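Asks: Handing you this structure, nothing more for now.
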Amino acid sequence: MIPRMRFSIITPSFRSSAWLKLCIASVADQKVELEHIVQDSLSDDGTLDWLLNDGRVTAFAEKDAGMYDAVNRGLKKSKGELLAYLNCDEQYLPGTLQAVSDWFDRHPQADVLFGDSLVVDAKGDFLCYRKVQKPFKYHTMVSHLQTFTCSMFFRRRVIDEYKLFFDTKWRDLGDADWVLRLLQQKISMGTMRRFAAVFTDTGENMNMSPNAVREKRAMAGAAPLWARKLDFALVWQHRLRRWLGGVYRQDPFDYAIYTLAGPETRVSRHVERPTFVWKGRLKSAFT
């Protein structure tokens, strides 16, 4: 048997040249064996002028049917034992992939890992943190997916044996649908109490679009009647579980990321007063 590469990271790309450069840099300095596959949907913003010649990635320029189709295409081309997808406006923090590799070595029966995430603004300044717990099926259906895909990793057998690719009928909530199918098939999951990745609130993120709102309504509508009737109780049960799990508490910390102002080198930031409240989105403060 030919030994597999340790990691395959898939990045779907379309007209996000500046952000993609930061994403690629954050993967390239992880110091583990990996391949970074970029699936670009024929961007016309100058991305292809440099991407196809960037030796840090394996880039494919081909039209796709949306983000989740691009991710599936990358997964089917991948060779890694451990898989993930990282969007253009997301980055890995230093040492993340080594920590993930070590976690899977310690948990050979687990197929999926969720880590903690940070949210920053377009300048790279801290907005809030998101600590994760294992998702719950009915809360995800009637409310939202509380895990960030930028800090999600899974074994190759999830796609090779269970054939769990992303459903391309979803334009914005394909990740929530995918996690629900993991739960339905009782795929073994775990969490890692470590900030693994950064999500950038650019103001243009897909999960804030009108279509995302429509898809959330459709997903909630597919929940059992009892779950729809008790959605308020499910949300508060979720918040209580998170409070008991300590996810609303965090000591001061530092993080280092690439920024548009300094795309060549990571810039360190100190957070003296961490908060889980996403400024401007108080509705999601307890997610």
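Scheme for the structure tokens: letters A, B, ... for chains in order shown; per-chain residue numbers from 1; ligand numbers from 1 in order shown.
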DSSP on the backbone, then: every residue of segment 47-149 of chain A marked strand (DSSP E or B), written as a PyMOL selection string.
Replies: chain A and resi 58-61+80-85+90-92+112-121+126-130
Asks: What's the 12 Å shell around Asp172 of chain A, counting only C-alpha atoms, without same-chain residues fewer than 5 positions away, as a PyMOL selection string?
Replies: chain A and resi 66-69+145+166-167+177-178+205-216+218-219
Asks: Can those selected residues be exported to a file as a JSON list (two decimals), in the first residue's frame so that it contains C-alpha atoms?
Replies:
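What ended up in again-v5.json:
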```json
[["chain", "number", "residue", "atom", "x", "y", "z"],
["A", 66, "GLY", "CA", -20.68, 26.61, -6.11],
["A", 67, "MET", "CA", -18.47, 26.42, -3.04],
["A", 68, "TYR", "CA", -19.48, 22.92, -1.94],
["A", 69, "ASP", "CA", -18.99, 21.54, -5.44],
["A", 145, "LEU", "CA", -24.47, 25.05, 13.33],
["A", 166, "PHE", "CA", -21.13, 17.88, 0.63],
["A", 167, "ASP", "CA", -24.60, 18.18, -0.90],
["A", 177, "ASP", "CA", -26.32, 19.64, 6.26],
["A", 178, "TRP", "CA", -23.03, 17.68, 6.21],
["A", 205, "ASN", "CA", -19.37, 36.36, 4.13],
["A", 206, "MET", "CA", -21.80, 33.90, 2.56],
["A", 207, "ASN", "CA", -23.51, 32.91, 5.79],
["A", 208, "MET", "CA", -24.95, 36.42, 6.06],
["A", 209, "SER", "CA", -26.61, 36.45, 2.63],
["A", 210, "PRO", "CA", -30.38, 36.44, 1.95],
["A", 211, "ASN", "CA", -30.02, 32.95, 0.49],
["A", 212, "ALA", "CA", -28.44, 31.74, 3.74],
["A", 213, "VAL", "CA", -31.49, 33.02, 5.61],
["A", 214, "ARG", "CA", -33.78, 31.14, 3.20],
["A", 215, "GLU", "CA", -31.79, 27.95, 3.62],
["A", 216, "LYS", "CA", -31.91, 28.25, 7.41],
["A", 218, "ALA", "CA", -35.78, 25.41, 4.93],
["A", 219, "MET", "CA", -33.57, 23.40, 7.29]]
```
Asks: Would you mind listing what lies within 10 Å of Val235 of chain A as a list in words, with only C-alpha atoms counted and same-chain residues fewer than 5 positions away left out?
Replies: Tyr138, His139, Thr140, Val142, Ser143, His144, Leu230, Leu240, Arg241, Phe286 and Thr287 of chain A
Asks: Do you know which residues are at most 7 Å from segment 251-265 of chain A counting only C-alpha atoms, after dropping those on the same chain fewer than 5 positions away, and could you put them as a list in words?
Replies: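 The residues that qualify are Leu22, Leu93, Lys123, Gly124, His270, Val271, Glu272, Arg273 and Pro274 of chain A.
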Asks: Just to confirm, what's the straight-line distance from atom CA of Asn53 of chain A to atom CA of Ala70 of chain A in Å (one decimal)?
Replies: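 Interatomic distance, atom CA of Asn53 of chain A to atom CA of Ala70 of chain A: 19.8 Å.
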Asks: Using the chain letters and numbers from this document, which residues of segment 3-219 of chain A does DSSP assign to helix (DSSP H, G or I), as a PyMOL selection string?
Replies: chain A and resi 17-28+47-51+67-77+96-106+137-142+149-151+157-160+174-184+206-208+210-219
Asks: Kindly indicate which residue among A:Met152, A:Leu113, A:Val277, A:Ile9 lies nearest to Val27 of chain A, using only C-alpha atoms for the distances.
Replies: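 Using only C-alpha atoms, Val27 of chain A sits closest to A:Ile9.
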Asks: Which residues, written as a PDB file with all heavy atoms, in the first residue's frame, have at least one atom at most 8 Å from Asp111 of chain A, with only C-alpha atoms counted and residues fewer than 5 positions away on the same chain left out?
Replies:
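Dumped to around06.pdb:
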```
ATOM      1  N   PHE A 154     -11.270  15.953   9.447  1.00  0.00           N
ATOM      2  CA  PHE A 154     -11.869  14.625   9.422  1.00  0.00           C
ATOM      3  C   PHE A 154     -10.967  13.621   8.706  1.00  0.00           C
ATOM      4  O   PHE A 154     -10.129  13.988   7.884  1.00  0.00           O
ATOM      5  CB  PHE A 154     -13.262  14.658   8.793  1.00  0.00           C
ATOM      6  CG  PHE A 154     -13.356  15.332   7.442  1.00  0.00           C
ATOM      7  CD1 PHE A 154     -13.381  14.584   6.277  1.00  0.00           C
ATOM      8  CD2 PHE A 154     -13.445  16.714   7.350  1.00  0.00           C
ATOM      9  CE1 PHE A 154     -13.478  15.203   5.040  1.00  0.00           C
ATOM     10  CE2 PHE A 154     -13.554  17.341   6.111  1.00  0.00           C
ATOM     11  CZ  PHE A 154     -13.565  16.578   4.953  1.00  0.00           C
ATOM     12  N   ARG A 155     -11.156  12.367   9.058  1.00  0.00           N
ATOM     13  CA  ARG A 155     -10.364  11.301   8.461  1.00  0.00           C
ATOM     14  C   ARG A 155     -10.847  10.993   7.033  1.00  0.00           C
ATOM     15  O   ARG A 155     -12.007  11.212   6.698  1.00  0.00           O
ATOM     16  CB  ARG A 155     -10.452  10.014   9.300  1.00  0.00           C
ATOM     17  CG  ARG A 155      -9.784  10.122  10.664  1.00  0.00           C
ATOM     18  CD  ARG A 155      -9.726   8.754  11.313  1.00  0.00           C
ATOM     19  NE  ARG A 155      -9.301   8.851  12.707  1.00  0.00           N
ATOM     20  CZ  ARG A 155      -8.037   8.848  13.102  1.00  0.00           C
ATOM     21  NH1 ARG A 155      -7.067   8.756  12.197  1.00  0.00           N
ATOM     22  NH2 ARG A 155      -7.739   8.938  14.396  1.00  0.00           N
ATOM     23  N   ARG A 157     -11.590   8.220   5.779  1.00  0.00           N
ATOM     24  CA  ARG A 157     -12.660   7.235   5.670  1.00  0.00           C
ATOM     25  C   ARG A 157     -14.048   7.863   5.668  1.00  0.00           C
ATOM     26  O   ARG A 157     -15.021   7.216   5.262  1.00  0.00           O
ATOM     27  CB  ARG A 157     -12.545   6.183   6.770  1.00  0.00           C
ATOM     28  CG  ARG A 157     -12.632   6.669   8.204  1.00  0.00           C
ATOM     29  CD  ARG A 157     -12.411   5.509   9.167  1.00  0.00           C
ATOM     30  NE  ARG A 157     -12.394   5.939  10.553  1.00  0.00           N
ATOM     31  CZ  ARG A 157     -11.424   5.617  11.414  1.00  0.00           C
ATOM     32  NH1 ARG A 157     -10.397   4.885  11.010  1.00  0.00           N
ATOM     33  NH2 ARG A 157     -11.486   6.008  12.670  1.00  0.00           N
ATOM     34  N   VAL A 158     -14.161   9.111   6.105  1.00  0.00           N
ATOM     35  CA  VAL A 158     -15.460   9.787   6.056  1.00  0.00           C
ATOM     36  C   VAL A 158     -15.948   9.897   4.617  1.00  0.00           C
ATOM     37  O   VAL A 158     -17.147   9.758   4.333  1.00  0.00           O
ATOM     38  CB  VAL A 158     -15.384  11.180   6.714  1.00  0.00           C
ATOM     39  CG1 VAL A 158     -16.654  11.978   6.458  1.00  0.00           C
ATOM     40  CG2 VAL A 158     -15.144  11.041   8.215  1.00  0.00           C
ATOM     41  N   ILE A 187     -21.318   9.114  13.268  1.00  0.00           N
ATOM     42  CA  ILE A 187     -19.886   9.237  13.075  1.00  0.00           C
ATOM     43  C   ILE A 187     -19.260   9.751  14.365  1.00  0.00           C
ATOM     44  O   ILE A 187     -19.746  10.721  14.968  1.00  0.00           O
ATOM     45  CB  ILE A 187     -19.562  10.195  11.912  1.00  0.00           C
ATOM     46  CG1 ILE A 187     -20.229   9.717  10.620  1.00  0.00           C
ATOM     47  CG2 ILE A 187     -18.058  10.339  11.736  1.00  0.00           C
ATOM     48  CD1 ILE A 187     -19.774   8.366  10.137  1.00  0.00           C
ATOM     49  N   SER A 188     -18.167   9.132  14.788  1.00  0.00           N
ATOM     50  CA  SER A 188     -17.517   9.518  16.044  1.00  0.00           C
ATOM     51  C   SER A 188     -16.857  10.886  15.909  1.00  0.00           C
ATOM     52  O   SER A 188     -16.068  11.128  14.995  1.00  0.00           O
ATOM     53  CB  SER A 188     -16.460   8.477  16.422  1.00  0.00           C
ATOM     54  OG  SER A 188     -15.770   8.866  17.583  1.00  0.00           O
ATOM     55  N   MET A 189     -17.179  11.792  16.837  1.00  0.00           N
ATOM     56  CA  MET A 189     -16.671  13.158  16.820  1.00  0.00           C
ATOM     57  C   MET A 189     -15.985  13.501  18.132  1.00  0.00           C
ATOM     58  O   MET A 189     -16.283  12.916  19.173  1.00  0.00           O
ATOM     59  CB  MET A 189     -17.811  14.163  16.605  1.00  0.00           C
ATOM     60  CG  MET A 189     -18.632  13.956  15.372  1.00  0.00           C
ATOM     61  SD  MET A 189     -19.965  15.190  15.285  1.00  0.00           S
ATOM     62  CE  MET A 189     -20.838  14.607  13.818  1.00  0.00           C
TER      63      MET A 189
END
```
Asks: From the options A:Leu183, A:Leu127, A:Leu244, A:Ala176, which residue's atoms come nearest to Val112 of chain A, counting only C-alpha atoms?
Replies: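 Of the candidates, the smallest distance to Val112 of chain A is held by A:Leu183.
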Asks: Given the choices A:Arg15, A:Lys137, A:Lys79, A:Arg269, which gets closest to Leu34 of chain A if the distance is worked out from only C-alpha atoms?
Replies: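 Answer, going by the shortest atom-to-atom distance: A:Lys79.
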Asks: Nearest to Ser8 of chain A: which of A:Trp103, A:Arg156, A:Lys21, A:Gln98 is it, counting only C-alpha atoms?
Replies: A:Arg156
